[in-house]
Structure formats: C-alpha cells, structure tokens
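Below is one structure; the comments refer to it alone.
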Amino acid sequence: MNQGISTRRVPLRQFSVPLSATRRGARLARLLATEKLLAWELPLDPARLIVAELATNAALHGRVPGRSFRLALSVVPPRTLRIELTDTRSDRLPVSPRATVAAHAESGYGLLLVEELADRWGVRCEPVPSKTVWAELDLGSEPSVSGHETSHRIDQ
C-alpha cells in the first residue's frame, strides 16, 4: 500500500462559538478569545486586538437581523494561530484598508490595524450567504509591527 505524506494542516488546538451579531456579541468574542489564549498559554496581544476588530466588523458590517456570526480560533502547524470570523453578509467583502481610510477619517481603521498586526489575513467566500475574514499570527517569534511582511488575499 502506498502511503503519501499529507500536507493538510490539522489543528493542534481548536475553538469555535456562534455569537449574536451585536456589540455585546463582539465584546464576548474578545473575552472568550482572551480566555482561550490564556488556557492555551499563548500571548494575548496582538491576537485579542485582531479578534476585537474582526468581531466588531462582523457585528456592524456583516450583520443580518436574526443571524449570528462565528468566532473560530485554531493553532495549526508549524505554530500558527488562525483567527476566523464568519458572518452572513457575503455581499459585503472587505476592501483594502489603505484604499478606504481618508486622511482625517474618524473610523475605518480596523482592517488597517489587522493588516499591521497580522502576519497574513484575507477573506474566504463561503457557500452563500456567508464569508470568513481570517488572520494568522506566527507564534514562533515575537510579532512586531515593523519589519514583518504581511499579505492580504481574497479566496474565491
């Protein structure tokens, strides 16, 4: 029998929870992520900042009355924390934050913050009606805003 090597990234740790698409649900997402990161003995920041921004976006921009959003956290090999927020507004995809933030805008900085803090982030289109905005943090070294490369992509 021929046994091939699998390249699928099986999560070492995994957590997922549906939350109401409200400001309270966004706050609960941040609190639950904090508790899970502490339990997994992982650094709190910048992960909880990313969760806070993505959950707020899901509650404000991905909200459909009567529908929830889902927070998912996983640690995948080699040592990557993956943060995912899935909402039910597949018709509202995030756009590049640098293109949307006006010079003196008071809002619109959330994805810019995610882009600066995450090692990678993007959007995955799901079966209608949902999308997942994800971000990854490499846990092997201390994250730093200056000097690390970021990438952004939209998965179709």
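Going through the structure tokens in order, the chains are called A, B, and so on, while each chain numbers its residues from 1 and the ligands are numbered from 1 in the order shown.
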
Who sits within 7 Å of Leu137 in chain A, only C-alpha atoms, same chain under 2 positions skipped, as a list in words: Thr80, Leu81, Arg82, Ala118, Asp119, Ala135 and Leu139 of chain A

Just the residues within 12 Å of range 23-25 of chain A, please, counting only C-alpha atoms, with nothing from its chain fewer than 6 positions along; format it as a list in words. Val17, Leu31, Leu32, Val51, Ala52, Glu53, Leu54, Ala55, Thr56, Asn57, Ala58, Ala59, Leu60, His61, Arg63, Arg67, Ser68, Phe69, Arg70, Leu71 and Leu85 of chain A

Here is a test: counting only C-alpha atoms, which residue of A:Arg124, A:Arg30, A:Lys131, A:Lys36 is nearest to Arg48 in chain A? A:Arg30

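Look at Leu12 in chain A: the protein and nucleic acid residues within 10 Å of it, using only C-alpha atoms and passing over chain neighbours fewer than 4 places away, are Ser74, Val75, Val76, Pro77, Pro78, Arg79, Thr80 and Leu81 of chain A.
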
How about saving the chosen residues, C-alpha atoms kept, as a PDB file, in the first residue's frame?
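Final output, selection_39.pdb:
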```
ATOM      1  CA  SER A  74      -7.097  27.295  15.992  1.00  0.00           C
ATOM      2  CA  VAL A  75      -3.414  26.578  16.370  1.00  0.00           C
ATOM      3  CA  VAL A  76      -2.067  24.835  13.297  1.00  0.00           C
ATOM      4  CA  PRO A  77       1.419  23.548  12.485  1.00  0.00           C
ATOM      5  CA  PRO A  78       4.085  24.724  12.499  1.00  0.00           C
ATOM      6  CA  ARG A  79       2.997  27.231  15.226  1.00  0.00           C
ATOM      7  CA  THR A  80       0.371  29.488  13.738  1.00  0.00           C
ATOM      8  CA  LEU A  81      -2.668  30.980  15.456  1.00  0.00           C
TER       9      LEU A  81
END
```

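Interatomic distance, CA of Gln14 in chain A to CA of Leu112 in chain A: 26.4 Å.
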
What parts of range 28-88 of chain A does DSSP call helix (DSSP H, G or I)? I'd like the answer as JSON, numbers by chain. {"A": [28, 29, 30, 31, 32, 33, 34, 35, 36, 37, 38, 39, 47, 48, 49, 50, 51, 52, 53, 54, 55, 56, 57, 58, 59, 60]}

Those same residues, written as a PDB file, in the first residue's frame with N, CA and C atoms?
```
ATOM      1  N   LEU A  28     -18.089  39.843  23.692  1.00  0.00           N
ATOM      2  CA  LEU A  28     -17.970  38.476  24.182  1.00  0.00           C
ATOM      3  C   LEU A  28     -16.930  37.693  23.374  1.00  0.00           C
ATOM      4  N   ALA A  29     -16.849  37.955  22.076  1.00  0.00           N
ATOM      5  CA  ALA A  29     -15.833  37.301  21.240  1.00  0.00           C
ATOM      6  C   ALA A  29     -14.435  37.606  21.768  1.00  0.00           C
ATOM      7  N   ARG A  30     -14.187  38.872  22.081  1.00  0.00           N
ATOM      8  CA  ARG A  30     -12.872  39.273  22.610  1.00  0.00           C
ATOM      9  C   ARG A  30     -12.599  38.611  23.956  1.00  0.00           C
ATOM     10  N   LEU A  31     -13.612  38.578  24.833  1.00  0.00           N
ATOM     11  CA  LEU A  31     -13.430  37.968  26.152  1.00  0.00           C
ATOM     12  C   LEU A  31     -13.192  36.460  26.054  1.00  0.00           C
ATOM     13  N   LEU A  32     -13.952  35.778  25.209  1.00  0.00           N
ATOM     14  CA  LEU A  32     -13.768  34.334  25.030  1.00  0.00           C
ATOM     15  C   LEU A  32     -12.408  34.023  24.409  1.00  0.00           C
ATOM     16  N   ALA A  33     -11.992  34.843  23.443  1.00  0.00           N
ATOM     17  CA  ALA A  33     -10.673  34.638  22.833  1.00  0.00           C
ATOM     18  C   ALA A  33      -9.576  34.818  23.872  1.00  0.00           C
ATOM     19  N   THR A  34      -9.726  35.819  24.737  1.00  0.00           N
ATOM     20  CA  THR A  34      -8.743  36.046  25.799  1.00  0.00           C
ATOM     21  C   THR A  34      -8.643  34.826  26.706  1.00  0.00           C
ATOM     22  N   GLU A  35      -9.789  34.294  27.115  1.00  0.00           N
ATOM     23  CA  GLU A  35      -9.798  33.102  27.987  1.00  0.00           C
ATOM     24  C   GLU A  35      -9.156  31.903  27.300  1.00  0.00           C
ATOM     25  N   LYS A  36      -9.456  31.715  26.017  1.00  0.00           N
ATOM     26  CA  LYS A  36      -8.896  30.576  25.291  1.00  0.00           C
ATOM     27  C   LYS A  36      -7.386  30.735  25.118  1.00  0.00           C
ATOM     28  N   LEU A  37      -6.925  31.934  24.807  1.00  0.00           N
ATOM     29  CA  LEU A  37      -5.482  32.170  24.649  1.00  0.00           C
ATOM     30  C   LEU A  37      -4.745  31.931  25.966  1.00  0.00           C
ATOM     31  N   LEU A  38      -5.342  32.361  27.076  1.00  0.00           N
ATOM     32  CA  LEU A  38      -4.745  32.103  28.389  1.00  0.00           C
ATOM     33  C   LEU A  38      -4.682  30.602  28.667  1.00  0.00           C
ATOM     34  N   ALA A  39      -5.758  29.886  28.365  1.00  0.00           N
ATOM     35  CA  ALA A  39      -5.806  28.433  28.590  1.00  0.00           C
ATOM     36  C   ALA A  39      -4.768  27.711  27.728  1.00  0.00           C
ATOM     37  N   ALA A  47      -3.307  39.098  19.263  1.00  0.00           N
ATOM     38  CA  ALA A  47      -4.457  38.272  18.882  1.00  0.00           C
ATOM     39  C   ALA A  47      -5.786  38.859  19.354  1.00  0.00           C
ATOM     40  N   ARG A  48      -5.859  39.286  20.612  1.00  0.00           N
ATOM     41  CA  ARG A  48      -7.152  39.780  21.085  1.00  0.00           C
ATOM     42  C   ARG A  48      -7.526  41.099  20.430  1.00  0.00           C
ATOM     43  N   LEU A  49      -6.548  41.892  20.004  1.00  0.00           N
ATOM     44  CA  LEU A  49      -6.847  43.118  19.262  1.00  0.00           C
ATOM     45  C   LEU A  49      -7.437  42.782  17.892  1.00  0.00           C
ATOM     46  N   ILE A  50      -6.872  41.776  17.249  1.00  0.00           N
ATOM     47  CA  ILE A  50      -7.375  41.345  15.939  1.00  0.00           C
ATOM     48  C   ILE A  50      -8.787  40.791  16.083  1.00  0.00           C
ATOM     49  N   VAL A  51      -9.013  39.950  17.101  1.00  0.00           N
ATOM     50  CA  VAL A  51     -10.359  39.404  17.341  1.00  0.00           C
ATOM     51  C   VAL A  51     -11.344  40.551  17.566  1.00  0.00           C
ATOM     52  N   ALA A  52     -10.959  41.528  18.377  1.00  0.00           N
ATOM     53  CA  ALA A  52     -11.852  42.655  18.663  1.00  0.00           C
ATOM     54  C   ALA A  52     -12.234  43.392  17.380  1.00  0.00           C
ATOM     55  N   GLU A  53     -11.279  43.666  16.518  1.00  0.00           N
ATOM     56  CA  GLU A  53     -11.563  44.392  15.278  1.00  0.00           C
ATOM     57  C   GLU A  53     -12.429  43.572  14.328  1.00  0.00           C
ATOM     58  N   LEU A  54     -12.080  42.287  14.142  1.00  0.00           N
ATOM     59  CA  LEU A  54     -12.853  41.459  13.212  1.00  0.00           C
ATOM     60  C   LEU A  54     -14.260  41.180  13.735  1.00  0.00           C
ATOM     61  N   ALA A  55     -14.397  40.986  15.044  1.00  0.00           N
ATOM     62  CA  ALA A  55     -15.721  40.751  15.624  1.00  0.00           C
ATOM     63  C   ALA A  55     -16.583  42.006  15.529  1.00  0.00           C
ATOM     64  N   THR A  56     -15.992  43.165  15.761  1.00  0.00           N
ATOM     65  CA  THR A  56     -16.739  44.417  15.614  1.00  0.00           C
ATOM     66  C   THR A  56     -17.204  44.594  14.175  1.00  0.00           C
ATOM     67  N   ASN A  57     -16.330  44.303  13.222  1.00  0.00           N
ATOM     68  CA  ASN A  57     -16.728  44.388  11.809  1.00  0.00           C
ATOM     69  C   ASN A  57     -17.857  43.421  11.493  1.00  0.00           C
ATOM     70  N   ALA A  58     -17.782  42.200  12.033  1.00  0.00           N
ATOM     71  CA  ALA A  58     -18.838  41.216  11.791  1.00  0.00           C
ATOM     72  C   ALA A  58     -20.165  41.695  12.365  1.00  0.00           C
ATOM     73  N   ALA A  59     -20.119  42.309  13.547  1.00  0.00           N
ATOM     74  CA  ALA A  59     -21.347  42.785  14.193  1.00  0.00           C
ATOM     75  C   ALA A  59     -21.916  44.023  13.498  1.00  0.00           C
ATOM     76  N   LEU A  60     -21.053  44.899  13.010  1.00  0.00           N
ATOM     77  CA  LEU A  60     -21.523  46.144  12.399  1.00  0.00           C
ATOM     78  C   LEU A  60     -21.790  46.023  10.905  1.00  0.00           C
TER      79      LEU A  60
END
```

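You can rank A:Tyr109, A:Pro65, A:Phe15, A:Thr86 by their closest distance to Glu126 in chain A using only C-alpha atoms, and at the top of that list sits A:Thr86.
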
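If only C-alpha atoms are the atoms counted, then among A:Val64, A:Pro46, A:Trp40, A:Ile83 the closest residue to Glu116 in chain A is A:Pro46.
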
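The interatomic distance for the pair CA of Arg89 in chain A and CA of Asp45 in chain A works out to 27.7 Å.
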